[in-house]
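Visitor: Below is a structure I'd like to ask you about.
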Amino acid sequence: MSRAELEALGHQQMAPMQMIRAKCLDCCAGSADEVRKCVAITCPSWPARMGSNPWRAPPSEAQREAARRAAARLHGKGVDAGRGPAPRVASPLAGRE
Ligand code: SF4
């Protein structure tokens, strides 16, 4: 089935974990509390019902550091955040324009 056909049926692109979470919410009439309390532990979706993958290996320290740097960049804070503004460098064209 093509992407266009899926979209024509009303489906939207989503990550696999989002799909499982959406299915569990649908199963529990939209109640996140009921999904959390679900007792159907033999259901294949049960381990992932809260929207995270319990089988995924924990991130390495290098991955954690990369994520911290990416978050700092995203929020406009460089590695040198908290050390004041970057020094201004005079343009070599200053006064010649
Ligand atoms: S894990 Fe529970 S809430 Fe999720 S689909 Fe299975 S029975 Fe429904």
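Chain lettering (A, B, ...) mirrors the order of the structure tokens, residue numbering begins at 1 for each chain separately, and ligand numbering begins at 1 in order of display.
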Please identify all protein, DNA and RNA residues within 6 Å of ligand 1, counting only C-alpha atoms and all ligand atoms, and report them as a PDB file with C-alpha atoms, in the first residue's frame.
Guide:
```pdb
ATOM      1  CA  LYS A  23      -3.630   1.944  19.680  1.00  0.00           C
ATOM      2  CA  CYS A  24      -3.575   1.574  23.461  1.00  0.00           C
ATOM      3  CA  CYS A  27      -8.302   0.398  23.243  1.00  0.00           C
ATOM      4  CA  CYS A  28      -9.014   2.311  26.477  1.00  0.00           C
ATOM      5  CA  VAL A  35      -3.715   2.467  29.544  1.00  0.00           C
ATOM      6  CA  CYS A  38      -3.933  -2.109  31.751  1.00  0.00           C
ATOM      7  CA  ALA A  40      -3.576  -7.448  29.791  1.00  0.00           C
ATOM      8  CA  CYS A  43      -0.921  -8.278  24.921  1.00  0.00           C
ATOM      9  CA  SER A  45       1.637  -3.936  23.010  1.00  0.00           C
ATOM     10  CA  TRP A  46       1.700  -4.044  26.797  1.00  0.00           C
ATOM     11  CA  ARG A  49       1.814   0.962  26.115  1.00  0.00           C
TER      12      ARG A  49
END
```
Visitor: Write out as a PyMOL selection string each polymer residue whose atoms come within 8 Å of segment 5-17 of chain A, counting only C-alpha atoms; drop sequence neighbours fewer than 3 positions from it.
Guide: chain A and resi 1-2+20-21+48+51-53
Visitor: Rounded to one decimal, what separation in Å do you get between atom CA of Met50 of chain A and atom CA of Ala71 of chain A?
Guide: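 Here the two named atoms are 23.9 Å from each other.
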Visitor: So what do you get for atom CA of Leu74 of chain A versus atom CA of Ala62 of chain A, distance-wise?
Guide: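 Those two atoms sit 18.2 Å apart.
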